[in-house]
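Printed here is target_16.txt (compact mmCIF, C-alpha atoms):
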# COMPACT_ATOMS: atom_id res chain seq x y z
CA MET A 1 -48.39 -103.09 79.46
CA ASP A 2 -51.57 -102.15 81.28
CA PRO A 3 -53.05 -105.01 83.29
CA THR A 4 -56.48 -103.37 83.43
CA ASN A 5 -56.63 -103.08 79.65
CA THR A 6 -59.44 -105.27 78.36
CA ASN A 7 -59.53 -103.56 74.99
CA ALA A 8 -59.96 -106.56 72.78
CA ASP A 9 -62.15 -106.06 69.71
CA PRO A 10 -65.63 -106.84 71.11
CA VAL A 11 -66.64 -108.74 67.98
CA LEU A 12 -63.59 -111.03 68.08
CA ALA A 13 -63.98 -111.44 71.85
CA GLN A 14 -67.59 -112.57 71.32
CA ALA A 15 -66.45 -115.01 68.61
CA VAL A 16 -63.96 -116.53 71.08
CA ARG A 17 -66.67 -116.82 73.75
CA TRP A 18 -68.90 -118.70 71.27
CA LEU A 19 -65.99 -120.99 70.37
CA ASP A 20 -65.34 -121.69 74.05
CA GLU A 21 -69.02 -122.56 74.49
CA GLY A 22 -68.61 -125.14 71.74
CA ARG A 23 -70.69 -123.24 69.19
CA ARG A 24 -69.86 -123.00 65.50
CA VAL A 25 -68.54 -119.64 64.41
CA ALA A 26 -67.86 -117.80 61.16
CA LEU A 27 -66.18 -114.45 60.70
CA ALA A 28 -67.04 -111.92 57.98
CA THR A 29 -64.55 -109.12 57.26
CA VAL A 30 -64.87 -106.07 55.03
CA THR A 31 -61.79 -106.26 52.78
CA ARG A 32 -62.45 -103.35 50.48
CA THR A 33 -64.93 -100.51 50.04
CA TRP A 34 -65.83 -98.04 47.33
CA GLY A 35 -67.94 -94.91 47.55
CA SER A 36 -70.10 -94.27 50.58
CA ALA A 37 -69.84 -97.71 52.18
CA PRO A 38 -70.78 -97.31 55.85
CA ARG A 39 -68.20 -99.63 57.43
CA ARG A 40 -64.48 -99.31 56.84
CA ALA A 41 -62.22 -102.08 55.56
CA GLY A 42 -61.27 -104.35 58.44
CA SER A 43 -64.72 -104.23 60.06
CA HIS A 44 -65.80 -107.59 61.44
CA MET A 45 -69.03 -109.41 61.99
CA ALA A 46 -69.04 -112.70 63.88
CA ILE A 47 -71.82 -115.20 63.25
CA ALA A 48 -72.76 -118.18 65.45
CA GLY A 49 -74.17 -121.46 64.18
CA ASN A 50 -77.73 -120.51 65.14
CA GLY A 51 -77.56 -117.17 63.30
CA ASP A 52 -76.73 -114.99 66.33
CA PHE A 53 -74.35 -112.25 65.29
CA GLU A 54 -72.18 -109.46 66.69
CA GLY A 55 -70.74 -106.48 64.83
CA SER A 56 -71.59 -105.20 61.37
CA VAL A 57 -70.28 -104.97 57.82
CA SER A 58 -72.73 -102.35 56.56
CA GLY A 59 -75.40 -100.06 57.91
CA GLY A 60 -77.69 -103.06 58.23
CA CYS A 61 -78.53 -103.52 54.54
CA ILE A 62 -76.61 -106.72 53.82
CA GLU A 63 -76.21 -108.35 57.24
CA GLY A 64 -79.03 -110.82 56.56
CA ALA A 65 -77.38 -112.05 53.37
CA VAL A 66 -74.00 -112.25 55.09
CA ILE A 67 -75.44 -114.41 57.90
CA GLN A 68 -76.86 -116.77 55.26
CA ALA A 69 -73.49 -116.98 53.50
CA ALA A 70 -71.73 -117.51 56.84
CA LEU A 71 -73.97 -120.48 57.69
CA GLU A 72 -73.15 -122.01 54.28
CA VAL A 73 -69.43 -121.44 54.82
CA MET A 74 -69.66 -123.20 58.23
CA GLU A 75 -71.12 -126.22 56.43
CA ALA A 76 -68.74 -126.22 53.45
CA GLY A 77 -65.56 -125.30 55.31
CA ALA A 78 -63.92 -123.33 52.53
CA PRO A 79 -63.95 -119.53 52.81
CA ARG A 80 -65.80 -117.31 50.34
CA THR A 81 -65.47 -113.78 49.04
CA LEU A 82 -68.70 -111.80 48.61
CA GLU A 83 -69.39 -108.61 46.75
CA PHE A 84 -72.30 -106.25 47.31
CA GLY A 85 -73.07 -103.21 45.21
CA VAL A 86 -75.66 -100.54 44.87
CA THR A 87 -79.26 -101.59 45.27
CA ASN A 88 -81.40 -101.17 42.24
CA GLU A 89 -84.75 -100.21 43.72
CA MET A 90 -86.49 -102.22 41.02
CA ALA A 91 -84.37 -105.32 41.55
CA TRP A 92 -84.82 -107.81 44.35
CA GLU A 93 -81.20 -108.54 45.08
CA VAL A 94 -79.58 -107.53 48.34
CA GLY A 95 -77.44 -104.42 48.09
CA LEU A 96 -76.38 -101.16 49.61
CA ALA A 97 -78.95 -98.40 49.44
CA CYS A 98 -76.20 -95.89 50.29
CA GLY A 99 -74.62 -96.30 46.87
CA GLY A 100 -71.41 -97.88 48.11
CA ARG A 101 -69.78 -101.13 47.14
CA VAL A 102 -68.07 -103.62 49.49
CA HIS A 103 -66.01 -106.79 49.25
CA LEU A 104 -66.26 -109.27 52.11
CA PHE A 105 -64.26 -112.31 53.14
CA VAL A 106 -66.28 -114.92 55.01
CA GLU A 107 -64.45 -117.73 56.79
CA SER A 108 -65.38 -120.48 59.17
CA VAL A 109 -63.52 -120.51 62.50
CA GLU A 110 -62.31 -124.01 63.31
CA PRO A 111 -62.64 -124.78 67.01
CA GLU A 112 -59.05 -125.89 67.63
CA SER A 113 -58.00 -125.65 71.22
CA ARG A 114 -54.57 -125.07 72.63
CA ALA A 115 -54.82 -128.47 74.33
CA SER A 116 -53.17 -130.52 71.60
CA GLY A 117 -54.37 -133.67 73.38
CA ALA A 118 -57.86 -132.95 72.13
CA LEU A 119 -56.60 -132.92 68.56
CA VAL A 120 -54.95 -136.29 69.01
CA GLN A 121 -58.08 -137.78 70.54
CA ARG A 122 -60.29 -136.52 67.77
CA SER A 123 -58.08 -137.75 64.97
CA GLY A 124 -57.30 -141.03 66.75
CA MET B 1 -59.52 -119.60 60.25
CA ASN B 2 -58.03 -121.56 63.07
CA GLY B 3 -59.66 -120.83 66.42
CA ASP B 4 -56.27 -120.56 68.07
CA LEU B 5 -55.33 -117.79 65.65
CA LEU B 6 -58.45 -115.88 66.68
CA ARG B 7 -57.62 -116.47 70.35
CA GLY B 8 -54.11 -115.25 69.61
CA ILE B 9 -55.40 -111.94 68.23
CA VAL B 10 -57.69 -111.38 71.23
CA ALA B 11 -54.91 -112.33 73.66
CA ALA B 12 -52.49 -109.91 71.94
CA GLN B 13 -55.01 -107.08 72.20
CA ARG B 14 -55.56 -107.79 75.90
CA ALA B 15 -51.80 -107.86 76.46
CA GLY B 16 -51.37 -104.50 74.74
CA ARG B 17 -49.45 -105.91 71.76
CA ASP B 18 -49.97 -104.92 68.14
CA VAL B 19 -50.43 -107.72 65.59
CA VAL B 20 -51.20 -107.93 61.87
CA LEU B 21 -53.21 -110.77 60.36
CA ALA B 22 -52.41 -111.76 56.78
CA THR B 23 -55.13 -113.71 54.94
CA ARG B 24 -54.79 -115.09 51.43
CA LEU B 25 -58.20 -114.40 49.95
CA THR B 26 -58.11 -117.28 47.48
CA ASP B 27 -57.85 -120.10 50.03
CA GLY B 28 -57.92 -118.57 53.53
CA ALA B 29 -54.32 -119.42 54.46
CA GLN B 30 -53.27 -117.14 57.29
CA GLU B 31 -50.31 -115.84 59.24
CA LEU B 32 -50.30 -113.65 62.31
CA PHE B 33 -47.40 -111.22 62.58
CA ALA B 34 -46.19 -109.55 65.77
CA LEU B 35 -43.64 -106.81 66.21
CA ASP B 36 -40.39 -108.12 67.63
CA PRO B 37 -39.30 -105.25 69.88
CA LEU B 38 -35.66 -106.32 69.82
CA VAL B 39 -35.14 -106.06 66.08
CA CYS B 40 -38.14 -103.79 65.34
CA GLU B 41 -39.33 -106.24 62.69
CA TRP B 42 -42.64 -107.95 62.14
CA VAL B 43 -42.17 -111.66 62.62
CA VAL B 44 -44.55 -114.60 62.18
CA ALA B 45 -46.26 -115.34 65.49
CA GLU B 46 -48.58 -118.04 64.13
CA GLU B 47 -49.18 -119.51 60.71
CA VAL B 48 -51.99 -121.68 59.48
CA ALA B 49 -52.21 -123.44 56.15
CA PRO B 50 -55.49 -123.34 54.18
CA ALA B 51 -58.50 -124.65 56.06
CA ARG B 52 -58.60 -128.40 56.59
CA VAL B 53 -55.20 -128.98 55.07
CA ALA B 54 -53.04 -131.06 57.38
CA ARG B 55 -51.13 -128.75 59.69
CA GLY B 56 -47.96 -130.78 59.53
CA LYS B 57 -46.25 -131.09 62.89
CA GLY B 58 -42.98 -131.21 61.04
CA SER B 59 -43.23 -127.75 59.54
CA SER B 60 -41.46 -125.09 61.52
CA ARG B 61 -43.67 -122.32 62.91
CA ARG B 62 -40.93 -119.78 62.32
CA ASP B 63 -40.46 -120.37 58.62
CA GLY B 64 -43.20 -117.99 57.55
CA ALA B 65 -43.65 -120.27 54.59
CA VAL B 66 -47.44 -120.32 54.36
CA LEU B 67 -47.73 -116.94 52.70
CA ARG B 68 -44.92 -116.19 50.30
CA GLY B 69 -44.42 -112.67 49.06
CA VAL B 70 -45.73 -110.87 52.15
CA GLU B 71 -42.99 -108.37 52.81
CA ASN B 72 -42.10 -106.98 56.20
CA GLU B 73 -42.37 -103.53 54.61
CA ALA B 74 -46.02 -104.03 53.62
CA ILE B 75 -46.91 -105.17 57.14
CA ALA B 76 -45.11 -102.23 58.71
CA ALA B 77 -46.94 -99.90 56.32
CA VAL B 78 -50.45 -101.08 57.28
CA ALA B 79 -49.51 -100.86 60.95
CA ARG B 80 -48.20 -97.31 60.48
CA ALA B 81 -51.31 -96.24 58.56
CA ALA B 82 -53.58 -98.09 61.03
CA ALA B 83 -55.61 -99.20 58.02
CA PRO B 84 -55.90 -102.57 56.29
CA ARG B 85 -54.82 -103.16 52.72
CA THR B 86 -54.84 -105.94 50.14
CA ILE B 87 -51.50 -106.68 48.51
CA ASP B 88 -50.82 -108.82 45.46
CA THR B 89 -48.51 -111.80 45.76
CA ALA B 90 -47.53 -114.49 43.29
CA ASP B 91 -50.01 -116.82 45.05
CA GLY B 92 -52.93 -114.38 44.99
CA PRO B 93 -54.23 -111.36 46.86
CA VAL B 94 -53.41 -111.19 50.59
CA PHE B 95 -55.46 -109.04 52.97
CA LEU B 96 -53.40 -107.40 55.72
CA ARG B 97 -55.46 -106.41 58.77
CA PRO B 98 -53.69 -104.61 61.61
CA TYR B 99 -55.00 -105.05 65.16
CA LEU B 100 -53.50 -102.12 67.02
CA GLN B 101 -53.83 -100.78 70.49
CA PRO B 102 -56.79 -98.39 70.62
CA VAL B 103 -56.20 -94.66 70.53
CA HIS B 104 -55.22 -93.54 74.04
CA LEU B 105 -57.07 -90.62 75.61
CA ILE B 106 -55.29 -89.16 78.63
CA VAL B 107 -57.62 -87.04 80.74
CA ILE B 108 -55.90 -84.66 83.13
CA GLY B 109 -58.22 -84.00 86.05
CA ALA B 110 -60.63 -86.53 87.57
CA VAL B 111 -63.38 -83.90 87.52
CA HIS B 112 -67.09 -83.96 86.68
CA ILE B 113 -66.53 -83.58 82.91
CA ALA B 114 -64.02 -86.45 83.06
CA GLN B 115 -66.63 -88.68 84.69
CA ALA B 116 -68.80 -88.24 81.60
CA LEU B 117 -65.94 -88.21 79.09
CA ALA B 118 -64.27 -91.45 80.26
CA PRO B 119 -67.26 -93.79 79.65
CA MET B 120 -68.23 -92.01 76.42
CA ALA B 121 -64.71 -92.30 75.03
CA THR B 122 -64.60 -95.98 76.06
CA ILE B 123 -67.81 -96.64 74.12
CA ALA B 124 -66.25 -94.88 71.11
CA GLY B 125 -63.39 -97.39 71.24
CA LEU B 126 -60.70 -95.29 72.93
CA ARG B 127 -58.51 -96.43 75.79
CA VAL B 128 -58.86 -93.97 78.65
CA THR B 129 -56.41 -93.02 81.39
CA VAL B 130 -57.45 -90.47 84.01
CA LEU B 131 -54.64 -88.64 85.80
CA ASP B 132 -55.13 -86.62 88.97
CA PRO B 133 -52.66 -86.35 91.86
CA ARG B 134 -55.26 -85.02 94.30
CA GLU B 135 -56.58 -87.18 97.12
CA GLY B 136 -60.09 -88.50 96.48
CA PHE B 137 -60.42 -87.47 92.83
CA ALA B 138 -59.19 -90.37 90.68
CA THR B 139 -60.98 -93.15 92.56
CA PRO B 140 -62.37 -96.38 91.08
CA GLU B 141 -65.78 -95.47 92.51
CA ARG B 142 -65.87 -92.30 90.42
CA PHE B 143 -64.24 -93.93 87.36
CA PRO B 144 -65.25 -97.57 87.14
CA GLY B 145 -63.18 -99.40 84.54
CA ALA B 146 -60.83 -96.52 83.67
CA ALA B 147 -57.08 -96.71 84.18
CA LEU B 148 -56.25 -94.27 86.99
CA VAL B 149 -52.94 -92.53 87.68
CA ARG B 150 -52.65 -90.72 91.01
CA GLU B 151 -49.38 -88.94 90.30
CA TRP B 152 -48.22 -85.49 89.29
CA PRO B 153 -48.14 -85.14 85.51
CA ASP B 154 -44.47 -84.12 85.32
CA ARG B 155 -43.59 -87.55 86.67
CA ALA B 156 -46.18 -89.70 84.92
CA MET B 157 -46.75 -88.05 81.54
CA THR B 158 -43.52 -88.91 79.75
CA SER B 159 -44.27 -92.62 79.65
CA LEU B 160 -48.02 -92.07 79.10
CA VAL B 161 -47.62 -89.97 75.94
CA ALA B 162 -45.08 -92.30 74.32
CA GLY B 163 -46.38 -93.39 70.93
CA GLY B 164 -48.24 -91.39 68.34
CA ARG B 165 -51.87 -92.37 68.71
CA THR B 166 -52.47 -90.41 71.90
CA ALA B 167 -54.77 -87.52 72.77
CA VAL B 168 -54.42 -85.34 75.88
CA VAL B 169 -57.12 -83.16 77.38
CA ALA B 170 -56.50 -81.02 80.45
CA LEU B 171 -59.59 -80.35 82.58
CA THR B 172 -58.45 -79.32 86.06
CA HIS B 173 -58.42 -75.49 85.68
CA ASP B 174 -55.38 -75.71 87.96
CA PRO B 175 -52.12 -74.57 86.28
CA LYS B 176 -50.09 -76.61 88.77
CA ILE B 177 -51.57 -79.76 87.23
CA ASP B 178 -52.62 -78.71 83.71
CA ASP B 179 -49.44 -76.87 82.70
CA PRO B 180 -46.90 -79.66 83.23
CA ALA B 181 -49.28 -82.10 81.52
CA LEU B 182 -49.63 -79.79 78.52
CA MET B 183 -45.87 -79.28 78.37
CA ALA B 184 -45.31 -83.04 78.23
CA ALA B 185 -48.01 -83.31 75.54
CA LEU B 186 -46.41 -80.50 73.50
CA ARG B 187 -43.04 -82.27 73.62
CA SER B 188 -44.63 -85.47 72.29
CA GLU B 189 -46.32 -86.45 69.02
CA THR B 190 -49.86 -86.61 70.43
CA PHE B 191 -52.38 -86.00 67.66
CA TYR B 192 -54.68 -83.93 69.89
CA ILE B 193 -54.17 -81.55 72.80
CA GLY B 194 -57.09 -79.77 74.45
CA ALA B 195 -57.36 -77.55 77.51
CA LEU B 196 -60.44 -76.40 79.37
CA GLY B 197 -60.84 -72.71 80.11
CA SER B 198 -62.23 -69.43 78.84
CA ARG B 199 -60.45 -67.33 76.23
CA LYS B 200 -58.96 -65.28 79.07
CA THR B 201 -57.67 -68.42 80.77
CA GLN B 202 -56.27 -69.65 77.45
CA ALA B 203 -54.43 -66.36 76.86
CA ALA B 204 -52.87 -66.46 80.33
CA ARG B 205 -51.84 -70.08 79.84
CA ARG B 206 -50.35 -69.28 76.45
CA GLU B 207 -48.23 -66.59 78.06
CA ARG B 208 -46.99 -68.96 80.78
CA LEU B 209 -46.13 -71.68 78.25
CA ALA B 210 -44.40 -69.18 75.97
CA GLU B 211 -42.28 -68.07 78.92
CA ALA B 212 -41.43 -71.71 79.48
CA GLY B 213 -39.93 -71.72 75.98
CA PHE B 214 -42.66 -72.98 73.65
CA ALA B 215 -43.01 -71.31 70.25
CA GLU B 216 -46.27 -69.85 68.95
CA ALA B 217 -46.65 -72.60 66.37
CA GLU B 218 -46.28 -75.25 69.05
CA LEU B 219 -48.88 -73.56 71.26
CA ASP B 220 -51.30 -73.53 68.33
CA ARG B 221 -51.56 -77.30 68.80
CA ILE B 222 -53.63 -76.70 71.95
CA HIS B 223 -57.39 -76.64 71.36
CA GLY B 224 -58.82 -74.09 73.76
CA PRO B 225 -61.55 -73.30 74.59
CA VAL B 226 -61.87 -77.04 74.38
CA GLY B 227 -64.39 -79.00 72.33
CA LEU B 228 -66.44 -78.36 69.19
CA PRO B 229 -68.54 -75.19 69.43
CA ILE B 230 -71.96 -76.76 69.98
CA GLY B 231 -72.98 -74.51 72.85
CA ALA B 232 -72.36 -77.26 75.41
CA ARG B 233 -73.28 -76.28 78.98
CA THR B 234 -73.45 -79.30 81.27
CA PRO B 235 -70.41 -81.48 82.05
CA GLU B 236 -71.99 -84.23 79.95
CA GLU B 237 -72.52 -81.94 76.96
CA ILE B 238 -68.97 -80.62 77.22
CA ALA B 239 -67.76 -84.23 77.22
CA VAL B 240 -69.63 -84.80 73.94
CA ALA B 241 -68.01 -81.67 72.43
CA VAL B 242 -64.53 -82.76 73.55
CA LEU B 243 -64.93 -86.34 72.32
CA ALA B 244 -66.23 -85.10 68.95
CA GLN B 245 -63.19 -82.82 68.61
CA VAL B 246 -60.81 -85.69 69.44
CA ILE B 247 -62.47 -87.91 66.82
CA GLY B 248 -62.32 -85.03 64.33
CA ALA B 249 -58.59 -84.69 64.92
CA LEU B 250 -58.12 -88.44 64.51
CA ARG B 251 -60.16 -88.92 61.34
CA GLY B 252 -60.38 -85.46 59.84

Just give me the structure of the file as C-alpha cells.
Amino acid sequence: MDPTNTNADPVLAQAVRWLDEGRRVALATVTRTWGSAPRRAGSHMAIAGNGDFEGSVSGGCIEGAVIQAALEVMEAGAPRTLEFGVTNEMAWEVGLACGGRVHLFVESVEPESRASGALVQRSG
Amino acid sequence: MNGDLLRGIVAAQRAGRDVVLATRLTDGAQELFALDPLVCEWVVAEEVAPARVARGKGSSRRDGAVLRGVENEAIAAVARAAAPRTIDTADGPVFLRPYLQPVHLIVIGAVHIAQALAPMATIAGLRVTVLDPREGFATPERFPGAALVREWPDRAMTSLVAGGRTAVVALTHDPKIDDPALMAALRSETFYIGALGSRKTQAARRERLAEAGFAEAELDRIHGPVGLPIGARTPEEIAVAVLAQVIGALRG
C-alpha cells in the first residue's frame, strides 16, 4: 500500500528484534478490563529473558509482577492467565491503585524461524 | 506463541494489511486471520496448535482446524469495531485481537503548523500523510518520516480518503488547495474534518461550499476554527489543539 509505512506496533516490533537477536521473549496482553483500568484490552507488553520490557499493561502498578510471571512462563512453556484487582492499601499483594480490574494472557514466544532447515537440524 | 506468527503480524502491519489474531485462552492455540480482498472474507493466514504440540507437517494450513467455533462474523465484528473481544467456543474462550492499520491523518498544507502536527500525531500512533502541491513545501527535509503527496487535492484525495478511519485537516489558508480537499473529505466517511481560519474565513468558506452543493448538515462536519479552544497561539500549540480534537473525535 504505502512503502514508507513502518507502522508496526512498536511493542511487537521490539519483541521480533529480541527474537532475531536470539533472546527469549514473552508477550503479555490485556484481554479484559473493568472499571478505570488504564490500558485498554489488546494492550501489549513484551518481556525479554533478562527482564527488559517494552510497552505496558497498566499505569505501572503491576508491570513488575507481570515481568515475574513472564519469566516463569518462559521457563514452563505453557501460557498463563493473570488477574489483578483493586489494591487494598492494607494488603501487600500487587494490584491496581486506580480501582480497575484487568485480565492478562501471558505467553512465551517460541523462536521458530522461517528457515525450516533450522527446525530439522534442531530436532535431528 | 510461535515466533513466526508474531513476525507475520508485524509483517502484515508493515505491508498495510489488517489481520486478526485468535488465541484460545485455555491452551494458547492460535490462528491469524487476514482479509481476503477477493471474497471479502477473513481467512486463516497462519495457524498454530498449542505450544509445544507437534505442528504436524501433514495438517493443511488452510483447514482452520486449530480453533473450532471461531466464526467469520465474530472476526469481522472485532475488525469493524477496532476493539478486541473474547468469544466463547465449545473448546473454551477465544480472544480476538485485531491489528488494524493506524488511523490516517491527512494534513492539507505543508506549513509550519503541519511541521509540528506531523511528528506529534506520529507519536500518538496515527499514520500521517502531508499533501501540498506547491514547490518546496512538502519536502522530506521539512517532514522527515512523513508520507508526502505533491499533488493537487482534487486528484489525490479520492484514493487517500478511502476507508473510514481517516481524519482530514486543511491548513493552507488557500481556498484553491483547501476547498477541493474539504470537498473530497465531505464526500467520504472521514471521522474528522478540520479547517484552519478565523470565524470570518469559516463563514466565507461555508458560503463557497454551499454554492458547490453541500447541505448545511454536511458542512457542520467541518471543525472550524480548528482545534480545541485552549488559547493556542504558536504553531506548536495549535498542533496540540488540533491533535487533541482529532483524538476526541476518534474516542469521544

Closest pair table for chain A residues within 10 Å of chain B, all atoms listed in the file, as CSV:
residue,atom,partner,partner_atom,distance
A:Met1,CA,B:Gly16,CA,5.8
A:Asp2,CA,B:Gly16,CA,7.0
A:Pro3,CA,B:Ala15,CA,7.5
A:Thr4,CA,B:Ala147,CA,6.7
A:Asn5,CA,B:Arg14,CA,6.1
A:Thr6,CA,B:Arg14,CA,5.2
A:Asn7,CA,B:Arg14,CA,5.9
A:Ala8,CA,B:Gln13,CA,5.0
A:Asp9,CA,B:Val10,CA,7.1
A:Pro10,CA,B:Val10,CA,9.1
A:Val11,CA,B:Val10,CA,9.9
A:Leu12,CA,B:Val10,CA,6.7
A:Ala13,CA,B:Val10,CA,6.3
A:Gln14,CA,B:Val10,CA,10.0
A:Ala15,CA,B:Leu6,CA,8.3
A:Val16,CA,B:Arg7,CA,6.4
A:Arg17,CA,B:Arg7,CA,9.7
A:Leu19,CA,B:Gly3,CA,7.5
A:Asp20,CA,B:Gly3,CA,9.6
A:Val25,CA,B:Gly3,CA,9.2
A:Ala26,CA,B:Met1,CA,8.6
A:Leu27,CA,B:Met1,CA,8.4
A:Thr29,CA,B:Arg97,CA,9.6
A:Val30,CA,B:Pro84,CA,9.7
A:Thr31,CA,B:Phe95,CA,6.9
A:Arg32,CA,B:Arg85,CA,8.0
A:Arg40,CA,B:Ala83,CA,8.9
A:Ala41,CA,B:Pro84,CA,6.4
A:Gly42,CA,B:Pro84,CA,6.1
A:Ser43,CA,B:Arg97,CA,9.6
A:Gly77,CA,B:Ala51,CA,7.1
A:Ala78,CA,B:Ala51,CA,6.6
A:Pro79,CA,B:Gly28,CA,6.1
A:Arg80,CA,B:Leu25,CA,8.1
A:Thr81,CA,B:Leu25,CA,7.4
A:Leu104,CA,B:Leu25,CA,9.8
A:Phe105,CA,B:Leu25,CA,7.2
A:Val106,CA,B:Gly28,CA,9.2
A:Glu107,CA,B:Met1,CA,6.3
A:Ser108,CA,B:Met1,CA,6.0
A:Val109,CA,B:Met1,CA,4.7
A:Glu110,CA,B:Asn2,CA,4.9
A:Pro111,CA,B:Gly3,CA,5.0
A:Glu112,CA,B:Gly3,CA,5.2
A:Ser113,CA,B:Asp4,CA,6.2
A:Arg114,CA,B:Asp4,CA,6.6

Interatomic distance (Å, one decimal) between atom CA of B:Pro133 and atom CA of B:Thr158: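 These atoms are spaced 15.4 Å apart.
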
Gap from atom CA of A:Ala28 to atom CA of A:Ala70 - Å, one decimal: 7.4 Å

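Relative to atom CA of B:Thr139, atom CA of B:Pro180 is found at 21.6 Å.
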
Within 10 Å of file point (-67.8, -96.7, 58.6), counting all atoms listed in the file, expressed as a PyMOL selection string: chain A and resi 33+36-41+43+56-59

Polymer residues at most 12 Å from (-71.2, -81.2, 75.3) by only C-alpha atoms, as a ChimeraX atom specification: /B:113-114,116-117,120,226-245

Since the input is missing atoms for stretch 231-250 of chain B, could you rebuild it with N, CA and C atoms and give the result as a PDB file, in the coordinates of the input?
ATOM      1  N   GLY B 231     -72.235 -75.169  71.783  1.00  0.00           N
ATOM      2  CA  GLY B 231     -72.980 -74.510  72.850  1.00  0.00           C
ATOM      3  C   GLY B 231     -73.177 -75.400  74.078  1.00  0.00           C
ATOM      4  N   ALA B 232     -72.236 -76.328  74.286  1.00  0.00           N
ATOM      5  CA  ALA B 232     -72.360 -77.260  75.410  1.00  0.00           C
ATOM      6  C   ALA B 232     -72.355 -76.519  76.745  1.00  0.00           C
ATOM      7  N   ARG B 233     -73.212 -76.935  77.677  1.00  0.00           N
ATOM      8  CA  ARG B 233     -73.280 -76.280  78.980  1.00  0.00           C
ATOM      9  C   ARG B 233     -72.990 -77.220  80.128  1.00  0.00           C
ATOM     10  N   THR B 234     -73.632 -78.386  80.147  1.00  0.00           N
ATOM     11  CA  THR B 234     -73.450 -79.300  81.270  1.00  0.00           C
ATOM     12  C   THR B 234     -72.139 -80.063  81.086  1.00  0.00           C
ATOM     13  N   PRO B 235     -71.628 -80.653  82.174  1.00  0.00           N
ATOM     14  CA  PRO B 235     -70.410 -81.480  82.050  1.00  0.00           C
ATOM     15  C   PRO B 235     -70.563 -82.562  80.987  1.00  0.00           C
ATOM     16  N   GLU B 236     -71.761 -83.156  80.914  1.00  0.00           N
ATOM     17  CA  GLU B 236     -71.990 -84.230  79.950  1.00  0.00           C
ATOM     18  C   GLU B 236     -71.923 -83.704  78.519  1.00  0.00           C
ATOM     19  N   GLU B 237     -72.530 -82.524  78.308  1.00  0.00           N
ATOM     20  CA  GLU B 237     -72.520 -81.940  76.960  1.00  0.00           C
ATOM     21  C   GLU B 237     -71.106 -81.526  76.563  1.00  0.00           C
ATOM     22  N   ILE B 238     -70.359 -81.000  77.520  1.00  0.00           N
ATOM     23  CA  ILE B 238     -68.970 -80.620  77.220  1.00  0.00           C
ATOM     24  C   ILE B 238     -68.158 -81.867  76.855  1.00  0.00           C
ATOM     25  N   ALA B 239     -68.448 -82.973  77.540  1.00  0.00           N
ATOM     26  CA  ALA B 239     -67.760 -84.230  77.220  1.00  0.00           C
ATOM     27  C   ALA B 239     -68.035 -84.636  75.772  1.00  0.00           C
ATOM     28  N   VAL B 240     -69.286 -84.476  75.324  1.00  0.00           N
ATOM     29  CA  VAL B 240     -69.630 -84.800  73.940  1.00  0.00           C
ATOM     30  C   VAL B 240     -68.815 -83.919  72.983  1.00  0.00           C
ATOM     31  N   ALA B 241     -68.738 -82.612  73.295  1.00  0.00           N
ATOM     32  CA  ALA B 241     -68.010 -81.670  72.430  1.00  0.00           C
ATOM     33  C   ALA B 241     -66.531 -82.025  72.357  1.00  0.00           C
ATOM     34  N   VAL B 242     -65.953 -82.407  73.506  1.00  0.00           N
ATOM     35  CA  VAL B 242     -64.530 -82.760  73.550  1.00  0.00           C
ATOM     36  C   VAL B 242     -64.285 -84.046  72.756  1.00  0.00           C
ATOM     37  N   LEU B 243     -65.119 -85.064  73.002  1.00  0.00           N
ATOM     38  CA  LEU B 243     -64.930 -86.340  72.320  1.00  0.00           C
ATOM     39  C   LEU B 243     -65.067 -86.163  70.803  1.00  0.00           C
ATOM     40  N   ALA B 244     -66.038 -85.350  70.389  1.00  0.00           N
ATOM     41  CA  ALA B 244     -66.230 -85.100  68.950  1.00  0.00           C
ATOM     42  C   ALA B 244     -64.987 -84.435  68.361  1.00  0.00           C
ATOM     43  N   GLN B 245     -64.384 -83.508  69.110  1.00  0.00           N
ATOM     44  CA  GLN B 245     -63.190 -82.820  68.610  1.00  0.00           C
ATOM     45  C   GLN B 245     -62.006 -83.790  68.503  1.00  0.00           C
ATOM     46  N   VAL B 246     -61.882 -84.685  69.480  1.00  0.00           N
ATOM     47  CA  VAL B 246     -60.810 -85.690  69.440  1.00  0.00           C
ATOM     48  C   VAL B 246     -60.982 -86.581  68.209  1.00  0.00           C
ATOM     49  N   ILE B 247     -62.211 -87.039  67.971  1.00  0.00           N
ATOM     50  CA  ILE B 247     -62.470 -87.910  66.820  1.00  0.00           C
ATOM     51  C   ILE B 247     -62.208 -87.140  65.520  1.00  0.00           C
ATOM     52  N   GLY B 248     -62.588 -85.866  65.502  1.00  0.00           N
ATOM     53  CA  GLY B 248     -62.320 -85.030  64.330  1.00  0.00           C
ATOM     54  C   GLY B 248     -60.837 -84.923  64.039  1.00  0.00           C
ATOM     55  N   ALA B 249     -60.039 -84.789  65.103  1.00  0.00           N
ATOM     56  CA  ALA B 249     -58.590 -84.690  64.920  1.00  0.00           C
ATOM     57  C   ALA B 249     -58.008 -86.016  64.440  1.00  0.00           C
ATOM     58  N   LEU B 250     -58.608 -87.113  64.881  1.00  0.00           N
ATOM     59  CA  LEU B 250     -58.120 -88.440  64.510  1.00  0.00           C
ATOM     60  C   LEU B 250     -58.454 -88.775  63.058  1.00  0.00           C
TER      61      LEU B 250
END
